[in-house]
>>> print(open('coords.cif').read())   # mmCIF, C-alpha atoms and all ligand atoms
data_model
#
loop_
_atom_site.group_PDB
_atom_site.id
_atom_site.type_symbol
_atom_site.label_atom_id
_atom_site.label_comp_id
_atom_site.auth_asym_id
_atom_site.auth_seq_id
_atom_site.Cartn_x
_atom_site.Cartn_y
_atom_site.Cartn_z
ATOM 1 C CA MET A 1 45.781 -81.544 -101.334
ATOM 2 C CA LYS A 2 46.109 -78.386 -99.296
ATOM 3 C CA ARG A 3 43.951 -76.529 -101.781
ATOM 4 C CA CYS A 4 41.436 -79.314 -101.762
ATOM 5 C CA SER A 5 40.914 -79.382 -97.997
ATOM 6 C CA CYS A 6 40.679 -75.617 -97.980
ATOM 7 C CA PHE A 7 37.913 -75.841 -100.564
ATOM 8 C CA MET A 8 36.156 -78.469 -98.492
ATOM 9 C CA THR A 9 36.323 -76.237 -95.433
ATOM 10 C CA VAL A 10 34.725 -73.389 -97.339
ATOM 11 C CA MET A 11 32.078 -75.713 -98.673
ATOM 12 C CA PHE A 12 31.181 -77.107 -95.268
ATOM 13 C CA ALA A 13 31.253 -73.630 -93.765
ATOM 14 C CA SER A 14 28.802 -72.384 -96.359
ATOM 15 C CA LEU A 15 26.572 -75.413 -95.911
ATOM 16 C CA TYR A 16 26.498 -74.689 -92.230
ATOM 17 C CA PHE A 17 25.793 -71.048 -92.912
ATOM 18 C CA PHE A 18 22.839 -71.774 -95.150
ATOM 19 C CA GLN A 19 21.328 -74.081 -92.570
ATOM 20 C CA ILE A 20 21.463 -71.384 -89.908
ATOM 21 C CA PRO A 21 18.207 -69.545 -90.750
ATOM 22 C CA LEU A 22 15.954 -71.208 -88.206
ATOM 23 C CA ALA A 23 12.696 -69.602 -89.219
ATOM 24 C CA ILE A 24 12.273 -71.408 -92.535
ATOM 25 C CA ALA A 25 8.629 -71.436 -93.562
ATOM 26 C CA SER A 26 6.793 -74.295 -91.891
ATOM 27 C CA SER A 27 3.275 -74.913 -90.680
ATOM 28 C CA GLU A 28 4.128 -73.801 -87.136
ATOM 29 C CA LEU A 29 5.412 -70.423 -88.289
ATOM 30 C CA ILE A 30 2.428 -69.704 -90.500
ATOM 31 C CA THR A 31 -0.625 -68.975 -88.375
ATOM 32 C CA VAL A 32 -4.168 -68.018 -89.282
ATOM 33 C CA THR A 33 -6.420 -65.858 -87.104
ATOM 34 C CA ASN A 34 -9.840 -64.153 -87.350
ATOM 35 C CA ALA A 35 -11.135 -66.684 -89.864
ATOM 36 C CA TRP A 36 -14.826 -66.610 -90.775
ATOM 37 C CA VAL A 37 -17.067 -67.624 -93.635
ATOM 38 C CA ARG A 38 -19.994 -65.425 -94.578
ATOM 39 C CA ALA A 39 -23.458 -66.925 -94.040
ATOM 40 C CA MET A 40 -25.583 -66.815 -97.187
ATOM 41 C CA PRO A 41 -29.275 -67.391 -97.952
ATOM 42 C CA PRO A 42 -29.826 -70.997 -99.156
ATOM 43 C CA SER A 43 -30.376 -69.850 -102.751
ATOM 44 C CA PHE A 44 -26.786 -68.609 -103.027
ATOM 45 C CA LYS A 45 -24.292 -71.060 -104.456
ATOM 46 C CA HIS A 46 -21.203 -69.155 -103.413
ATOM 47 C CA THR A 47 -19.790 -67.310 -100.450
ATOM 48 C CA ALA A 48 -16.476 -65.938 -99.232
ATOM 49 C CA ALA A 49 -14.016 -66.706 -96.451
ATOM 50 C CA TYR A 50 -11.947 -64.068 -94.707
ATOM 51 C CA LEU A 51 -8.929 -64.488 -92.450
ATOM 52 C CA THR A 52 -5.583 -63.105 -91.422
ATOM 53 C CA ILE A 53 -2.410 -64.974 -92.368
ATOM 54 C CA ASN A 54 0.595 -64.318 -90.145
ATOM 55 C CA ASN A 55 3.979 -65.277 -91.545
ATOM 56 C CA GLY A 56 6.456 -65.612 -88.675
ATOM 57 C CA SER A 57 9.091 -67.216 -90.869
ATOM 58 C CA SER A 58 12.140 -65.616 -92.414
ATOM 59 C CA GLU A 59 10.972 -66.027 -95.990
ATOM 60 C CA LYS A 60 7.957 -64.867 -97.924
ATOM 61 C CA ILE A 61 5.255 -67.383 -98.578
ATOM 62 C CA ARG A 62 2.502 -67.632 -101.171
ATOM 63 C CA LEU A 63 -1.013 -68.871 -100.634
ATOM 64 C CA ILE A 64 -1.607 -70.808 -103.849
ATOM 65 C CA GLY A 65 -4.822 -72.727 -103.288
ATOM 66 C CA VAL A 66 -7.776 -73.499 -101.037
ATOM 67 C CA LYS A 67 -9.809 -76.666 -100.580
ATOM 68 C CA THR A 68 -13.034 -76.948 -98.629
ATOM 69 C CA ASP A 69 -15.646 -79.545 -97.716
ATOM 70 C CA ALA A 70 -18.424 -77.014 -98.311
ATOM 71 C CA ALA A 71 -17.955 -76.150 -101.972
ATOM 72 C CA ALA A 72 -16.746 -77.579 -105.248
ATOM 73 C CA VAL A 73 -14.041 -74.967 -105.707
ATOM 74 C CA GLY A 74 -12.022 -72.551 -103.603
ATOM 75 C CA GLU A 75 -10.593 -69.568 -105.469
ATOM 76 C CA LEU A 76 -8.377 -66.661 -104.493
ATOM 77 C CA HIS A 77 -9.911 -63.316 -105.400
ATOM 78 C CA THR A 78 -9.043 -59.666 -105.245
ATOM 79 C CA MET A 79 -11.157 -56.538 -105.700
ATOM 80 C CA ASN A 80 -10.379 -54.201 -108.570
ATOM 81 C CA LEU A 81 -11.829 -50.812 -109.356
ATOM 82 C CA ALA A 82 -13.051 -50.873 -112.967
ATOM 83 C CA ASN A 83 -15.201 -48.104 -114.480
ATOM 84 C CA GLY A 84 -16.044 -46.800 -111.026
ATOM 85 C CA GLN A 85 -17.185 -50.204 -109.778
ATOM 86 C CA MET A 86 -15.483 -52.657 -107.462
ATOM 87 C CA LYS A 87 -15.276 -56.020 -109.163
ATOM 88 C CA MET A 88 -13.900 -59.364 -108.082
ATOM 89 C CA LYS A 89 -11.085 -60.901 -110.028
ATOM 90 C CA GLN A 90 -9.448 -64.289 -109.605
ATOM 91 C CA ILE A 91 -5.732 -64.297 -108.780
ATOM 92 C CA ASP A 92 -3.365 -67.242 -108.709
ATOM 93 C CA HIS A 93 -1.631 -66.509 -105.417
ATOM 94 C CA ILE A 94 -1.462 -64.186 -102.419
ATOM 95 C CA VAL A 95 1.958 -63.247 -101.052
ATOM 96 C CA VAL A 96 2.658 -62.854 -97.351
ATOM 97 C CA GLN A 97 6.038 -61.222 -96.790
ATOM 98 C CA LYS A 98 8.383 -62.573 -94.115
ATOM 99 C CA ASN A 99 7.552 -61.456 -90.577
ATOM 100 C CA ASP A 100 4.403 -59.838 -91.856
ATOM 101 C CA PHE A 101 0.708 -60.571 -92.137
ATOM 102 C CA ILE A 102 -2.081 -60.042 -94.611
ATOM 103 C CA ASP A 103 -5.754 -59.506 -93.961
ATOM 104 C CA LEU A 104 -8.222 -61.107 -96.326
ATOM 105 C CA ASN A 105 -11.333 -58.988 -95.789
ATOM 106 C CA PRO A 106 -14.608 -58.021 -97.473
ATOM 107 C CA GLY A 107 -13.057 -54.938 -99.086
ATOM 108 C CA GLY A 108 -10.032 -56.661 -100.559
ATOM 109 C CA LYS A 109 -8.468 -60.024 -101.187
ATOM 110 C CA HIS A 110 -10.612 -62.961 -100.116
ATOM 111 C CA ILE A 111 -11.248 -66.658 -100.587
ATOM 112 C CA MET A 112 -14.242 -67.483 -102.766
ATOM 113 C CA LEU A 113 -16.114 -70.715 -102.143
ATOM 114 C CA ILE A 114 -17.928 -71.591 -105.356
ATOM 115 C CA GLY A 115 -20.533 -74.300 -105.821
ATOM 116 C CA LEU A 116 -21.732 -74.667 -102.230
ATOM 117 C CA ASN A 117 -22.895 -78.195 -101.524
ATOM 118 C CA ARG A 118 -25.029 -77.250 -98.503
ATOM 119 C CA PRO A 119 -26.615 -74.139 -97.012
ATOM 120 C CA LEU A 120 -24.205 -72.353 -94.678
ATOM 121 C CA ASN A 121 -26.013 -71.032 -91.632
ATOM 122 C CA GLU A 122 -24.630 -68.902 -88.854
ATOM 123 C CA GLY A 123 -22.763 -71.113 -86.391
ATOM 124 C CA ASP A 124 -21.980 -73.881 -88.901
ATOM 125 C CA ARG A 125 -18.400 -74.932 -89.363
ATOM 126 C CA VAL A 126 -16.557 -75.287 -92.629
ATOM 127 C CA SER A 127 -13.250 -77.032 -93.144
ATOM 128 C CA LEU A 128 -10.724 -75.045 -95.124
ATOM 129 C CA THR A 129 -7.321 -76.264 -96.231
ATOM 130 C CA LEU A 130 -4.974 -73.450 -97.159
ATOM 131 C CA ILE A 131 -2.261 -74.596 -99.543
ATOM 132 C CA PHE A 132 0.939 -72.567 -99.586
ATOM 133 C CA ASP A 133 4.114 -72.998 -101.565
ATOM 134 C CA LYS A 134 7.127 -74.513 -99.737
ATOM 135 C CA ASP A 135 5.002 -77.554 -98.841
ATOM 136 C CA VAL A 136 3.056 -75.720 -96.154
ATOM 137 C CA THR A 137 -0.623 -76.455 -95.620
ATOM 138 C CA LYS A 138 -2.983 -75.265 -92.894
ATOM 139 C CA GLU A 139 -6.132 -77.131 -91.946
ATOM 140 C CA LEU A 140 -8.800 -74.945 -90.399
ATOM 141 C CA LEU A 141 -12.298 -75.342 -89.043
ATOM 142 C CA VAL A 142 -13.951 -72.001 -89.678
ATOM 143 C CA GLU A 143 -17.185 -70.655 -88.210
ATOM 144 C CA VAL A 144 -19.936 -69.301 -90.427
ATOM 145 C CA LYS A 145 -20.998 -65.787 -89.405
ATOM 146 C CA LYS A 146 -23.301 -63.112 -90.763
ATOM 147 C CA ASN A 147 -20.616 -60.526 -90.197
ATOM 148 C CA GLY A 148 -17.087 -60.828 -88.899
ATOM 149 C CA GLN A 149 -17.434 -58.159 -86.223
ATOM 150 C CA GLU A 150 -13.799 -58.268 -85.230
ATOM 151 C CA LYS A 151 -12.753 -57.625 -88.820
ATOM 152 C CA LYS A 152 -14.618 -54.326 -88.882
ATOM 153 C CA GLU A 153 -12.905 -53.330 -85.642
ATOM 154 C CA SER A 154 -9.467 -54.015 -87.026
ATOM 155 C CA MET A 155 -10.235 -52.095 -90.213
ATOM 156 C CA HIS A 156 -11.157 -49.029 -88.183
ATOM 157 C CA HIS A 157 -7.850 -49.291 -86.427
ATOM 158 C CA GLY A 158 -6.105 -49.354 -89.758
ATOM 159 C CA THR A 159 -4.397 -52.688 -89.303
ATOM 160 C CA ASN A 160 -5.583 -54.011 -92.623
ATOM 161 C CA MET A 161 -3.805 -51.239 -94.510
ATOM 162 C CA LYS A 162 -0.442 -52.685 -93.660
ATOM 163 C CA GLY A 163 -1.435 -56.117 -94.824
ATOM 164 C CA ASN A 164 -2.799 -54.786 -98.077
ATOM 165 C CA MET A 165 0.151 -52.572 -98.861
ATOM 166 C CA HIS A 166 2.592 -55.448 -98.593
ATOM 167 C CA ASN A 167 0.773 -57.932 -100.682
ATOM 168 C CA ASP A 168 2.168 -57.305 -104.131
ATOM 169 C CA HIS A 169 4.849 -59.688 -105.251
HETATM 170 CU CU CU B 201 -14.755 -63.241 -104.870
#
>>> encode(input="coords.cif", output="structure tokens", more="lines below")
Ligand SMILES: [Cu+2]
Amino acid sequence: MKRCSCFMTVMFASLYFFQIPLAIASSELITVTNAWVRAMPPSFKHTAAYLTINNGSSEKIRLIGVKTDAAAVGELHTMNLANGQMKMKQIDHIVVQKNDFIDLNPGGKHIMLIGLNRPLNEGDRVSLTLIFDKDVTKELLVEVKKNGQEKKESMHHGTNMKGNMHNDH
């Protein structure tokens, strides 16, 4: 009996302990900034979306899918150097480490919108749903731009390096 209650105490103590981490990944702790979709001439049937994902939670999170009202398919892509040429390659997820961020930008990882169902002109808005693991989703309304000016700024300041260096598994 004594041993039993002692065991129970330990069990409840550990349950309590594991509930302590307050910053479990949730929609409020995952924020998205600097989002934009690249405007394309009407003949193009694909474009890309770029954004910064900030993970303020205490666990890493994976972006595993994207849905949009503007295209048939949303894919996650990265850029690889192959035979001296930068080429796009589909990837199945993008990791954002805990208390970190990742920049999706024209020189690196990005979201590809394939099979556009309408021309995307500067100033239009596109709905994007980012699907993460841990049951987190983010619904965004993203502006179409010719160039994401602020992204270039941040690249010059080197902030995208950090995001890119932390993105591997
Ligand atoms: Cu791509």
>>> atom_distance(input="coords.cif", atom1="atom CA of A:Arg118", atom2="atom CA of A:Phe44")
9.9 Å
>>> closest_atom_pairs(input="coords.cif", of="stretch 108-130 of chain A", to="stretch 55-75 of chain A", cutoff="7 Å", atoms="all atoms listed in the file", output="Markdown table")
| residue | atom | partner | partner_atom | distance |
| --- | --- | --- | --- | --- |
| A:Ile111 | CA | A:Glu75 | CA | 5.7 |
| A:Met112 | CA | A:Glu75 | CA | 5.0 |
| A:Leu113 | CA | A:Gly74 | CA | 4.7 |
| A:Ile114 | CA | A:Val73 | CA | 5.2 |
| A:Gly115 | CA | A:Ala71 | CA | 5.0 |
| A:Leu116 | CA | A:Ala71 | CA | 4.1 |
| A:Asn117 | CA | A:Ala71 | CA | 5.4 |
| A:Arg118 | CA | A:Ala70 | CA | 6.6 |
| A:Val126 | CA | A:Ala70 | CA | 6.2 |
| A:Ser127 | CA | A:Thr68 | CA | 5.5 |
| A:Leu128 | CA | A:Thr68 | CA | 4.6 |
| A:Thr129 | CA | A:Lys67 | CA | 5.0 |
| A:Leu130 | CA | A:Val66 | CA | 4.8 |
>>> residues_near_ligand(input="coords.cif", ligand="ligand CU 201 (chain B)", cutoff="12 Å", atoms="all atoms listed in the file", output="ChimeraX atom specification")
/A:38,46-50,73-80,86-91,104-114
>>> atom_distance(input="coords.cif", atom1="atom CA of A:Asn147", atom2="atom CA of A:Leu120")
13.1 Å
>>> atom_distance(input="coords.cif", atom1="atom CA of A:Asn54", atom2="atom CA of A:Arg125")
21.8 Å
>>> closest_residue(input="coords.cif", among="A:Thr137, A:Asp92, A:Gln97, A:Asp124", to="A:Val37", atoms="all atoms listed in the file")
A:Asp124
>>> residues_around(input="coords.cif", residues="A:Asn121", least_positions_apart="2", cutoff="9 Å", atoms="all atoms listed in the file", output="VMD selection string")
chain A and resid 38 to 42 119 123 to 125 144 to 146
>>> closest_residue(input="coords.cif", among="A:Asn34, A:Asn83, A:Ser27, A:Thr52", to="A:Ile131", atoms="all atoms listed in the file")
A:Ser27
>>> build_atoms(input="coords.cif", residues="stretch 61-91 of chain A", atoms="N, CA and C atoms", output="PDB file, keeping the file's coordinate frame")
ATOM      1  N   ILE A  61       5.986 -66.167 -98.249  1.00  0.00           N
ATOM      2  CA  ILE A  61       5.255 -67.383 -98.578  1.00  0.00           C
ATOM      3  C   ILE A  61       4.055 -66.995 -99.430  1.00  0.00           C
ATOM      4  N   ARG A  62       3.647 -67.916-100.289  1.00  0.00           N
ATOM      5  CA  ARG A  62       2.502 -67.632-101.171  1.00  0.00           C
ATOM      6  C   ARG A  62       1.370 -68.602-100.864  1.00  0.00           C
ATOM      7  N   LEU A  63       0.195 -68.041-100.680  1.00  0.00           N
ATOM      8  CA  LEU A  63      -1.013 -68.871-100.634  1.00  0.00           C
ATOM      9  C   LEU A  63      -1.365 -69.174-102.086  1.00  0.00           C
ATOM     10  N   ILE A  64      -1.407 -70.467-102.435  1.00  0.00           N
ATOM     11  CA  ILE A  64      -1.607 -70.808-103.849  1.00  0.00           C
ATOM     12  C   ILE A  64      -2.895 -71.586-104.109  1.00  0.00           C
ATOM     13  N   GLY A  65      -3.577 -72.005-103.048  1.00  0.00           N
ATOM     14  CA  GLY A  65      -4.822 -72.727-103.288  1.00  0.00           C
ATOM     15  C   GLY A  65      -5.613 -72.944-102.015  1.00  0.00           C
ATOM     16  N   VAL A  66      -6.890 -73.247-102.175  1.00  0.00           N
ATOM     17  CA  VAL A  66      -7.776 -73.499-101.037  1.00  0.00           C
ATOM     18  C   VAL A  66      -8.695 -74.662-101.374  1.00  0.00           C
ATOM     19  N   LYS A  67      -8.833 -75.585-100.431  1.00  0.00           N
ATOM     20  CA  LYS A  67      -9.809 -76.666-100.580  1.00  0.00           C
ATOM     21  C   LYS A  67     -10.798 -76.571 -99.432  1.00  0.00           C
ATOM     22  N   THR A  68     -12.013 -77.000 -99.667  1.00  0.00           N
ATOM     23  CA  THR A  68     -13.034 -76.948 -98.629  1.00  0.00           C
ATOM     24  C   THR A  68     -14.003 -78.116 -98.777  1.00  0.00           C
ATOM     25  N   ASP A  69     -14.635 -78.489 -97.660  1.00  0.00           N
ATOM     26  CA  ASP A  69     -15.646 -79.545 -97.716  1.00  0.00           C
ATOM     27  C   ASP A  69     -17.016 -78.968 -98.087  1.00  0.00           C
ATOM     28  N   ALA A  70     -17.115 -77.645 -98.145  1.00  0.00           N
ATOM     29  CA  ALA A  70     -18.424 -77.014 -98.311  1.00  0.00           C
ATOM     30  C   ALA A  70     -18.745 -76.606 -99.741  1.00  0.00           C
ATOM     31  N   ALA A  71     -17.738 -76.627-100.610  1.00  0.00           N
ATOM     32  CA  ALA A  71     -17.955 -76.150-101.972  1.00  0.00           C
ATOM     33  C   ALA A  71     -17.086 -76.927-102.955  1.00  0.00           C
ATOM     34  N   ALA A  72     -17.489 -76.863-104.211  1.00  0.00           N
ATOM     35  CA  ALA A  72     -16.746 -77.579-105.248  1.00  0.00           C
ATOM     36  C   ALA A  72     -15.360 -76.984-105.443  1.00  0.00           C
ATOM     37  N   VAL A  73     -15.288 -75.653-105.368  1.00  0.00           N
ATOM     38  CA  VAL A  73     -14.041 -74.967-105.707  1.00  0.00           C
ATOM     39  C   VAL A  73     -13.741 -73.863-104.698  1.00  0.00           C
ATOM     40  N   GLY A  74     -12.486 -73.708-104.367  1.00  0.00           N
ATOM     41  CA  GLY A  74     -12.022 -72.551-103.603  1.00  0.00           C
ATOM     42  C   GLY A  74     -11.111 -71.725-104.486  1.00  0.00           C
ATOM     43  N   GLU A  75     -11.419 -70.436-104.620  1.00  0.00           N
ATOM     44  CA  GLU A  75     -10.593 -69.568-105.469  1.00  0.00           C
ATOM     45  C   GLU A  75     -10.048 -68.406-104.657  1.00  0.00           C
ATOM     46  N   LEU A  76      -8.930 -67.876-105.099  1.00  0.00           N
ATOM     47  CA  LEU A  76      -8.377 -66.661-104.493  1.00  0.00           C
ATOM     48  C   LEU A  76      -8.835 -65.486-105.343  1.00  0.00           C
ATOM     49  N   HIS A  77      -9.386 -64.477-104.679  1.00  0.00           N
ATOM     50  CA  HIS A  77      -9.911 -63.316-105.400  1.00  0.00           C
ATOM     51  C   HIS A  77      -9.341 -62.017-104.854  1.00  0.00           C
ATOM     52  N   THR A  78      -9.344 -61.009-105.699  1.00  0.00           N
ATOM     53  CA  THR A  78      -9.043 -59.666-105.245  1.00  0.00           C
ATOM     54  C   THR A  78     -10.151 -58.743-105.747  1.00  0.00           C
ATOM     55  N   MET A  79     -10.168 -57.515-105.242  1.00  0.00           N
ATOM     56  CA  MET A  79     -11.157 -56.538-105.700  1.00  0.00           C
ATOM     57  C   MET A  79     -10.425 -55.486-106.529  1.00  0.00           C
ATOM     58  N   ASN A  80     -10.960 -55.229-107.705  1.00  0.00           N
ATOM     59  CA  ASN A  80     -10.379 -54.201-108.570  1.00  0.00           C
ATOM     60  C   ASN A  80     -11.410 -53.136-108.894  1.00  0.00           C
ATOM     61  N   LEU A  81     -10.939 -51.892-108.961  1.00  0.00           N
ATOM     62  CA  LEU A  81     -11.829 -50.812-109.356  1.00  0.00           C
ATOM     63  C   LEU A  81     -11.806 -50.712-110.884  1.00  0.00           C
ATOM     64  N   ALA A  82     -12.972 -50.954-111.505  1.00  0.00           N
ATOM     65  CA  ALA A  82     -13.051 -50.873-112.967  1.00  0.00           C
ATOM     66  C   ALA A  82     -14.289 -50.080-113.342  1.00  0.00           C
ATOM     67  N   ASN A  83     -14.104 -48.994-114.086  1.00  0.00           N
ATOM     68  CA  ASN A  83     -15.201 -48.104-114.480  1.00  0.00           C
ATOM     69  C   ASN A  83     -16.041 -47.663-113.283  1.00  0.00           C
ATOM     70  N   GLY A  84     -15.357 -47.314-112.204  1.00  0.00           N
ATOM     71  CA  GLY A  84     -16.044 -46.800-111.026  1.00  0.00           C
ATOM     72  C   GLY A  84     -16.737 -47.860-110.191  1.00  0.00           C
ATOM     73  N   GLN A  85     -16.542 -49.125-110.535  1.00  0.00           N
ATOM     74  CA  GLN A  85     -17.185 -50.204-109.778  1.00  0.00           C
ATOM     75  C   GLN A  85     -16.144 -51.182-109.257  1.00  0.00           C
ATOM     76  N   MET A  86     -16.362 -51.639-108.013  1.00  0.00           N
ATOM     77  CA  MET A  86     -15.483 -52.657-107.462  1.00  0.00           C
ATOM     78  C   MET A  86     -15.905 -54.012-108.013  1.00  0.00           C
ATOM     79  N   LYS A  87     -14.954 -54.707-108.606  1.00  0.00           N
ATOM     80  CA  LYS A  87     -15.276 -56.020-109.163  1.00  0.00           C
ATOM     81  C   LYS A  87     -14.278 -57.057-108.671  1.00  0.00           C
ATOM     82  N   MET A  88     -14.768 -58.283-108.523  1.00  0.00           N
ATOM     83  CA  MET A  88     -13.900 -59.364-108.082  1.00  0.00           C
ATOM     84  C   MET A  88     -13.133 -59.928-109.266  1.00  0.00           C
ATOM     85  N   LYS A  89     -11.907 -60.313-108.976  1.00  0.00           N
ATOM     86  CA  LYS A  89     -11.085 -60.901-110.028  1.00  0.00           C
ATOM     87  C   LYS A  89     -10.289 -62.045-109.423  1.00  0.00           C
ATOM     88  N   GLN A  90     -10.216 -63.152-110.128  1.00  0.00           N
ATOM     89  CA  GLN A  90      -9.448 -64.289-109.605  1.00  0.00           C
ATOM     90  C   GLN A  90      -7.950 -64.028-109.744  1.00  0.00           C
ATOM     91  N   ILE A  91      -7.196 -64.415-108.730  1.00  0.00           N
ATOM     92  CA  ILE A  91      -5.732 -64.297-108.780  1.00  0.00           C
ATOM     93  C   ILE A  91      -5.135 -65.668-108.469  1.00  0.00           C
TER      94      ILE A  91
END
